[in-house]
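Colleague: Here's a structure for you.
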Amino acid sequence: MKPAKTIYPNQEDIYNKILAFIKTQLVPEVSEAYLTGSVVRREFGRYAEEYHGHKGSDIDLVVMINQKYIPKAWKNLNTEKTWFNLYSGGKIEIDGVYHRLDLLVVKEGMEKFAIQRMKDLGWIVEKVR
(Lines give C-alpha, C1' and ligand atoms only; values in the text may rest on other atoms or scores of the structure.)
Protein backbone atom coordinates (compact mmCIF):
# COMPACT_ATOMS: atom_id res chain seq x y z
CA MET A 1 0.00 0.00 0.00
CA LYS A 2 1.29 3.43 -0.92
CA PRO A 3 2.08 5.72 2.01
CA ALA A 4 0.22 8.99 2.46
CA LYS A 5 1.18 11.63 -0.06
CA THR A 6 1.42 15.36 0.48
CA ILE A 7 0.44 17.05 -2.77
CA TYR A 8 2.60 20.01 -3.66
CA PRO A 9 0.59 23.27 -3.62
CA ASN A 10 2.12 24.72 -6.83
CA GLN A 11 0.94 22.07 -9.31
CA GLU A 12 1.00 24.28 -12.43
CA ASP A 13 4.57 25.43 -11.77
CA ILE A 14 5.63 21.82 -11.15
CA TYR A 15 3.85 20.65 -14.30
CA ASN A 16 5.71 23.24 -16.38
CA LYS A 17 9.06 22.32 -14.77
CA ILE A 18 8.44 18.62 -15.43
CA LEU A 19 7.37 19.26 -19.02
CA ALA A 20 10.57 21.22 -19.65
CA PHE A 21 12.61 18.38 -18.09
CA ILE A 22 10.85 15.76 -20.22
CA LYS A 23 11.62 17.67 -23.38
CA THR A 24 15.34 17.53 -22.54
CA GLN A 25 15.12 13.72 -22.22
CA LEU A 26 13.30 13.01 -25.49
CA VAL A 27 15.54 12.24 -28.42
CA PRO A 28 14.41 13.24 -31.94
CA GLU A 29 13.65 9.58 -32.75
CA VAL A 30 10.70 9.56 -30.32
CA SER A 31 7.68 9.68 -32.62
CA GLU A 32 5.06 10.12 -29.89
CA ALA A 33 5.07 10.68 -26.14
CA TYR A 34 2.19 10.80 -23.68
CA LEU A 35 2.38 12.12 -20.12
CA THR A 36 0.06 10.39 -17.66
CA GLY A 37 -0.35 9.79 -13.94
CA SER A 38 -0.22 12.16 -11.00
CA VAL A 39 1.45 14.98 -12.96
CA VAL A 40 -1.47 15.17 -15.39
CA ARG A 41 -4.05 14.78 -12.61
CA ARG A 42 -2.28 17.58 -10.67
CA GLU A 43 -1.74 15.23 -7.70
CA PHE A 44 2.06 15.29 -7.76
CA GLY A 45 3.78 15.22 -4.40
CA ARG A 46 5.98 13.58 -1.78
CA TYR A 47 5.32 10.45 0.26
CA ALA A 48 5.27 10.35 4.06
CA GLU A 49 7.83 7.54 3.82
CA GLU A 50 9.91 5.92 1.12
CA TYR A 51 7.94 3.81 -1.36
CA HIS A 52 9.64 1.38 -3.77
CA GLY A 53 12.92 3.23 -3.41
CA HIS A 54 11.68 6.76 -3.87
CA LYS A 55 10.22 9.49 -1.72
CA GLY A 56 7.88 11.16 -4.19
CA SER A 57 5.57 10.69 -7.14
CA ASP A 58 7.13 9.29 -10.27
CA ILE A 59 6.64 10.81 -13.70
CA ASP A 60 4.95 8.43 -16.13
CA LEU A 61 5.68 8.92 -19.82
CA VAL A 62 4.51 6.55 -22.54
CA VAL A 63 7.04 6.70 -25.40
CA MET A 64 6.99 5.41 -28.95
CA ILE A 65 10.47 4.94 -30.41
CA ASN A 66 12.17 2.41 -32.63
CA GLN A 67 14.00 0.08 -30.23
CA LYS A 68 17.35 0.55 -31.98
CA TYR A 69 17.28 4.28 -31.13
CA ILE A 70 16.70 3.95 -27.38
CA PRO A 71 19.39 6.15 -25.79
CA LYS A 72 22.01 4.45 -23.63
CA ALA A 73 21.15 6.96 -20.90
CA TRP A 74 17.72 5.34 -20.53
CA LYS A 75 18.20 2.54 -18.01
CA ASN A 76 16.22 -0.64 -18.67
CA LEU A 77 14.47 -1.55 -15.40
CA ASN A 78 13.89 -5.15 -16.57
CA THR A 79 10.12 -4.81 -16.23
CA GLU A 80 8.26 -6.06 -19.27
CA LYS A 81 4.52 -5.94 -19.86
CA THR A 82 2.46 -7.04 -22.85
CA TRP A 83 2.83 -3.73 -24.65
CA PHE A 84 5.79 -1.92 -23.08
CA ASN A 85 9.21 -2.20 -21.44
CA LEU A 86 9.97 0.05 -18.47
CA TYR A 87 12.99 2.34 -18.49
CA SER A 88 14.25 5.04 -16.17
CA GLY A 89 14.85 8.36 -17.88
CA GLY A 90 16.56 10.14 -15.04
CA LYS A 91 15.38 12.18 -12.08
CA ILE A 92 14.25 15.70 -11.37
CA GLU A 93 14.54 17.45 -8.02
CA ILE A 94 11.48 19.28 -6.72
CA ASP A 95 11.34 20.80 -3.25
CA GLY A 96 14.30 18.71 -2.09
CA VAL A 97 12.86 15.40 -3.33
CA TYR A 98 14.06 13.49 -6.39
CA HIS A 99 11.30 12.21 -8.67
CA ARG A 100 12.01 9.46 -11.20
CA LEU A 101 11.01 9.68 -14.85
CA ASP A 102 9.51 6.29 -15.76
CA LEU A 103 9.47 5.66 -19.51
CA LEU A 104 6.95 3.10 -20.70
CA VAL A 105 8.59 2.29 -24.04
CA VAL A 106 5.92 0.82 -26.31
CA LYS A 107 6.97 -2.36 -28.07
CA GLU A 108 7.21 -2.16 -31.85
CA GLY A 109 3.94 -3.08 -33.52
CA MET A 110 1.97 -2.36 -30.31
CA GLU A 111 1.41 1.38 -30.87
CA LYS A 112 -2.31 1.18 -31.67
CA PHE A 113 -2.82 -1.33 -28.87
CA ALA A 114 -1.05 1.04 -26.45
CA ILE A 115 -3.32 3.96 -27.36
CA GLN A 116 -6.41 1.79 -26.92
CA ARG A 117 -5.09 0.27 -23.69
CA MET A 118 -4.56 3.70 -22.14
CA LYS A 119 -8.17 4.56 -23.03
CA ASP A 120 -9.47 1.24 -21.68
CA LEU A 121 -7.63 1.80 -18.39
CA GLY A 122 -9.12 5.28 -18.11
CA TRP A 123 -5.72 6.95 -18.02
CA ILE A 124 -5.78 10.70 -18.39
CA VAL A 125 -3.04 11.44 -20.90
CA GLU A 126 -1.53 14.53 -22.49
CA LYS A 127 0.37 14.20 -25.73
CA VAL A 128 3.71 15.97 -25.38
CA ARG A 129 5.04 14.88 -28.79
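Identifiers in this document derive from the order of the C-alpha coordinates: chains are assigned A, B, ..., residues are numbered from 1 separately in each chain, and ligands are numbered from 1 in order of occurrence.
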Would you list the contacts of segment 104-108 of chain A as a list in words, taking every protein, DNA or RNA residue within 7 Å and counting only C-alpha atoms, but skipping same-chain residues closer than 2 positions in sequence?
Modeller: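 Close residues of segment 104-108 of chain A: Leu61, Val62, Val63, Met64, Asn66, Trp83, Phe84, Asn85, Leu86, Tyr87, Asp102, Met110, Glu111 and Ala114 of chain A.
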Colleague: Counting only C-alpha atoms, which residue out of A:Leu103, A:Val30, A:Ile92, A:Leu121 sits closest to His54 of chain A?
Modeller: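 The closest residue to His54 of chain A is A:Ile92.
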Colleague: Taking the DSSP assignment computed from this structure's backbone, write out as a PyMOL selection string all residues of segment 10-82 of chain A that belong to helix (DSSP H, G or I).
Modeller: chain A and resi 11-25+38-41+67-69
Colleague: Just the strand (DSSP E) stuff from segment 51-99 of chain A, please, per backbone DSSP, written as a ChimeraX atom specification.
Modeller: /A:51,54-56,59-64,75-80,84-94,97-99
Colleague: Using only C-alpha atoms, find the one residue out of A:Val39, A:Ala33, A:Leu26, A:Ile14 that sits nearest to Gly89 of chain A.
Modeller: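 Nearest candidate to Gly89 of chain A out of A:Val39, A:Ala33, A:Leu26, A:Ile14: A:Leu26.
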Colleague: Which polymer residues have any atom within 12 Å of an atom of Phe21 of chain A, counting only C-alpha atoms, with same-chain residues fewer than 4 positions away left out, as a list of chain:residue names?
Modeller: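 The filter keeps A:Ile14, A:Tyr15, A:Asn16, A:Lys17, A:Gln25, A:Leu26, A:Ile59, A:Leu61, A:Gly89, A:Gly90, A:Lys91, A:Ile92, A:Glu93, A:Ile94, A:His99, A:Arg100, A:Leu101, A:Val128.
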Colleague: Go through A:Phe113, A:Tyr98, A:Trp123, A:Tyr69 one by one, measure the shortest atom-to-atom distance of each to Ser38 of chain A using only C-alpha atoms, and give the residue with the smallest value.
Modeller: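 Smallest distance to Ser38 of chain A is found for A:Trp123.
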